[in-house]
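Let me begin by presenting the structure, written as structure tokens, before commenting on it.
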Amino acid sequence: MQTDWLIDFMTLAQTRSFSRAAQLRRITQPAFSRRIRALESWAMATLVDRVAHPLQLTPAGQRLLADAPALTNRVRRTQAMLEAHIGERREEVRIAAPHLLAQGFLPAWIQERENLLGNLNVRLLAHGPPADVAGLVQGDLDVLLTWRWAGSAPEPQDPRWEAWPLGQERLLPCSRPGPDGLPLHGMADGTAASTPYLAHAPSTGIDTAIRQSLATRGLERTIRTAATADDCTVLKALTQAGLGVAFLPARCVQPELDDGRLLPVPAWPQLTLDVAALRLRPDPSRRCQPAVDRLWLALKRSPQNGPPPNGASSQKTPARAFRNDGISATLLPG
């Protein structure tokens with residue numbers, strides 16, 4: 001969800017006209033309509049009654065309108081605070097990451113290694129699938145985060161990309177607790193379609209990995225898809241509302257697990273993702289990118305890139321293939 005969408009929505013609520021709101025926002029009406037649709041997709045609710053004349057907000061739209069000014073002001077205050085904290089202009093590195101990694105893994109990774117990043121200003125661009133490889137080629141991005149899961153088939157090496165391992169992210173099957181203190185969902189007797197499942201959008205690739213893991217335990221036939229989203233924040237909210245079981249990043253749900261608002265489902269598998277940073281290999285024909293080179297050096301100096309899977313040794317390993325959404329590269333030895 002982008003802050004501009006909230007401003008668009010507030011403008012629409014004020015004018016009660018798509019054409020007038022688009023004019024005030026200085027964009028075309030089709031583009032404005034797409035942004036309102038995108039906001040509705042993020043909210044998983046219809047916000048505008050397009051049949052009514054003049055245009056009216058739905059009950060969900062009225063609720064969002066009440067919160068929208070506070071949300072936008074909070075974001076602006078946070079941006080101002082961060083700019084004041086930075087103090088001086090720093091070299092910027094543009095890192096794109098899928099929502100799954102942008103909401104948990106990457107912020108924690110940056111915080112843990114802040115001393116290694118020095119004077120770099122990391123600009124994070126969260127995106128939905130597929131990963132924006134074109135942005136690397138066209139120079140709109142500097143680094144792209146990607147992932148693979150244990151057991152997925154590696155792709156052949158692609159000489160265009162250079163990758164470096166960052167660590168791992170765990171996805172935990174979570175449910176709201178029931179009256180008996182056990183997970184509300186996921187503890188069924190194994191009958192067909194007995195458990196509501198909150199799925200990651202198929203285009204993310206995560207859903208495929210999850211279903212494969214469930215199938216290995218004979219659990220896939222017991223689930224029925226209750227909702228689908230490509231944003232972990234939405235899936236987490238649906239899980240807390242008691243609508244089903246979702247696989248959520250461990251870093252994003254740790255506070256809820258600690259205080260009991262969410263519970264891991266013990267009979268279901270956890271999923272471990274290997275995370276890597278991807279960039280174009282240095283080429284003398286392209287402009288020099290000293291900030292990106294310093295970031296890459298910081299990655300290689302990082303003393304710990306996350307725990308090895310299954311208690312394996314943390315010793316250096318040979319280069320291996322790495323894939324996500326059709327991207328392939330070679331992970332260099334740590």
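We label chains A, B, ... in the order they appear in the structure tokens, count residues from 1 in each chain, and number ligands from 1 in the order shown.
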Problem - All strand (DSSP E or B) residues (DSSP, backbone) inside segment 19-267 of chain A, as a PyMOL selection string - result: chain A and resi 48-49+56-57+91-98+120-127+143-149+161-175+177+183+195-200+223-229+245-249+263-264
Problem - For Ala201 of chain A: contacts at 6 Å, only C-alpha atoms, fewer than 4 positions along chain excluded, given as a list in words - result: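 Result of the neighbour search: Thr228, Ala229 and Asp230 of chain A.
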Resulting file, chosen residues, C-alpha atoms, as a PDB file, in the first residue's frame:
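The result, written out as again-v3.pdb:
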```
ATOM      1  CA  THR A 228      -5.551 -15.323  -0.908  1.00  0.00           C
ATOM      2  CA  ALA A 229      -3.241 -12.279  -0.682  1.00  0.00           C
ATOM      3  CA  ASP A 230       0.270 -11.303  -1.799  1.00  0.00           C
TER       4      ASP A 230
END
```
Problem - Coordinates-based distance that separates atom CA of Leu6 of chain A from atom CA of Leu39 of chain A (Å, one decimal) - result: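 Computed distance, atom CA of Leu39 of chain A to atom CA of Leu6 of chain A, equals 7.7 Å.
Checking A:Val275, A:Glu92, A:Pro255, A:Pro173 one by one against Ala291 of chain A, counting only C-alpha atoms, you find the shortest gap at A:Glu92.
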Handout entry: Close residues, Glu169 of chain A itself excluded, 7 Å, only C-alpha atoms, min 6 positions apart in chain, as a VMD selection string
Key = chain A and resid 105 249 272 to 274
Problem - Given only C-alpha atoms as the counted atoms, nearest of A:Gln240, A:Pro30, A:Val234, A:Arg224 to Leu257 of chain A - result: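 Looking at the shortest contact to Leu257 of chain A, the residue is A:Gln240.
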Problem - Nearby residues (only C-alpha atoms) at most 9 Å from Ala193 of chain A, same-chain spacing under 6 positions excluded, as an MDAnalysis selection string - result: chainID A and resid 220:225
Write the residues of the selection above to a file with N, CA and C atoms, as a tab-separated table (two decimals), in the first residue's frame.
```tsv
chain	number	residue	atom	x	y	z
A	220	GLU	N	-2.26	-31.79	2.57
A	220	GLU	CA	-2.81	-30.91	1.54
A	220	GLU	C	-4.30	-31.17	1.31
A	221	ARG	N	-4.73	-32.42	1.40
A	221	ARG	CA	-6.14	-32.73	1.14
A	221	ARG	C	-7.05	-32.23	2.26
A	222	THR	N	-6.47	-31.88	3.42
A	222	THR	CA	-7.30	-31.44	4.54
A	222	THR	C	-7.59	-29.94	4.52
A	223	ILE	N	-7.01	-29.20	3.59
A	223	ILE	CA	-7.17	-27.74	3.60
A	223	ILE	C	-8.15	-27.30	2.51
A	224	ARG	N	-8.75	-26.15	2.75
A	224	ARG	CA	-9.54	-25.47	1.73
A	224	ARG	C	-9.12	-24.00	1.76
A	225	THR	N	-8.88	-23.42	0.60
A	225	THR	CA	-8.41	-22.04	0.53
A	225	THR	C	-9.54	-21.10	0.89
```
Exercise for the section: Could you check how far atom CA of Ala163 of chain A sits from atom CA of Gln289 of chain A, in Å to one decimal? Expected result: 16.4 Å
Problem - Shell around Arg176 of chain A at 9 Å using only C-alpha atoms, local window under 2 positions removed, as number ranges by chain - result: A: 174, 178, 182-185, 239-245, 260-264
Could you turn the residues from that selection into a file that holds N, CA and C atoms, as a JSON list (two decimals), in the first residue's frame?
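Output file out28.json is given in full below:
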```json
[["chain", "number", "residue", "atom", "x", "y", "z"],
["A", 174, "CYS", "N", 0.59, -20.41, 11.35],
["A", 174, "CYS", "CA", 0.05, -19.75, 12.54],
["A", 174, "CYS", "C", -1.48, -19.74, 12.53],
["A", 178, "GLY", "N", -7.80, -20.85, 20.18],
["A", 178, "GLY", "CA", -9.21, -21.08, 20.44],
["A", 178, "GLY", "C", -9.51, -20.98, 21.93],
["A", 182, "LEU", "N", -5.63, -23.95, 22.50],
["A", 182, "LEU", "CA", -4.96, -24.60, 21.38],
["A", 182, "LEU", "C", -5.24, -23.81, 20.11],
["A", 183, "PRO", "N", -4.44, -24.04, 19.03],
["A", 183, "PRO", "CA", -4.72, -23.34, 17.77],
["A", 183, "PRO", "C", -6.17, -23.55, 17.34],
["A", 184, "LEU", "N", -6.83, -22.47, 16.94],
["A", 184, "LEU", "CA", -8.23, -22.54, 16.54],
["A", 184, "LEU", "C", -8.40, -23.39, 15.28],
["A", 185, "HIS", "N", -7.39, -23.33, 14.38],
["A", 185, "HIS", "CA", -7.44, -24.08, 13.13],
["A", 185, "HIS", "C", -6.18, -24.93, 12.98],
["A", 239, "THR", "N", -5.39, -13.92, 9.86],
["A", 239, "THR", "CA", -5.11, -14.97, 10.84],
["A", 239, "THR", "C", -5.52, -14.54, 12.24],
["A", 240, "GLN", "N", -5.21, -13.31, 12.61],
["A", 240, "GLN", "CA", -5.59, -12.81, 13.93],
["A", 240, "GLN", "C", -7.10, -12.69, 14.08],
["A", 241, "ALA", "N", -7.79, -12.53, 12.95],
["A", 241, "ALA", "CA", -9.25, -12.48, 12.99],
["A", 241, "ALA", "C", -9.88, -13.86, 13.11],
["A", 242, "GLY", "N", -9.04, -14.90, 13.05],
["A", 242, "GLY", "CA", -9.55, -16.26, 13.22],
["A", 242, "GLY", "C", -10.10, -16.88, 11.97],
["A", 243, "LEU", "N", -9.66, -16.41, 10.79],
["A", 243, "LEU", "CA", -10.22, -16.91, 9.53],
["A", 243, "LEU", "C", -9.49, -18.12, 8.97],
["A", 244, "GLY", "N", -8.37, -18.52, 9.58],
["A", 244, "GLY", "CA", -7.68, -19.70, 9.07],
["A", 244, "GLY", "C", -6.23, -19.74, 9.49],
["A", 245, "VAL", "N", -5.48, -20.64, 8.83],
["A", 245, "VAL", "CA", -4.05, -20.83, 9.07],
["A", 245, "VAL", "C", -3.28, -20.17, 7.93],
["A", 260, "GLY", "N", 0.95, -14.70, 22.95],
["A", 260, "GLY", "CA", -0.14, -15.66, 22.80],
["A", 260, "GLY", "C", -1.26, -15.25, 21.88],
["A", 261, "ARG", "N", -1.14, -14.12, 21.18],
["A", 261, "ARG", "CA", -2.19, -13.73, 20.25],
["A", 261, "ARG", "C", -2.23, -14.65, 19.03],
["A", 262, "LEU", "N", -1.09, -15.25, 18.69],
["A", 262, "LEU", "CA", -1.02, -16.25, 17.64],
["A", 262, "LEU", "C", -0.30, -17.47, 18.19],
["A", 263, "LEU", "N", -0.61, -18.63, 17.62],
["A", 263, "LEU", "CA", 0.04, -19.88, 18.02],
["A", 263, "LEU", "C", 0.55, -20.60, 16.77],
["A", 264, "PRO", "N", 1.73, -21.22, 16.85],
["A", 264, "PRO", "CA", 2.16, -22.09, 15.75],
["A", 264, "PRO", "C", 1.32, -23.37, 15.75]]
```
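Within the 6 Å cut-off around Glu162 of chain A, using only C-alpha atoms and omitting residues fewer than 6 positions from it on the same chain, the listed residues are Leu278, Arg279, Leu280 and Arg281 of chain A.
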How would the residues just chosen look if you wrote them out with N, CA and C atoms as a compact mmCIF listing (two decimals), in the first residue's frame?
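Ended up saving to again.txt:
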```txt
# COMPACT_ATOMS: atom_id res chain seq x y z
N LEU A 278 20.99 -9.81 -5.13
CA LEU A 278 21.33 -10.00 -6.54
C LEU A 278 21.65 -8.66 -7.17
N ARG A 279 22.72 -8.62 -7.96
CA ARG A 279 23.04 -7.42 -8.72
C ARG A 279 23.64 -7.81 -10.06
N LEU A 280 23.70 -6.84 -10.97
CA LEU A 280 24.41 -7.08 -12.22
C LEU A 280 25.90 -7.18 -11.93
N ARG A 281 26.56 -8.08 -12.61
CA ARG A 281 28.02 -8.17 -12.42
C ARG A 281 28.67 -6.87 -12.89
```
Problem - Long-range neighbours of Thr3 of chain A as a PyMOL selection string, 12 Å cut-off, only C-alpha atoms, 6 positions minimum in chain - result: chain A and resi 9-10+35-36+38-39+68-76+79
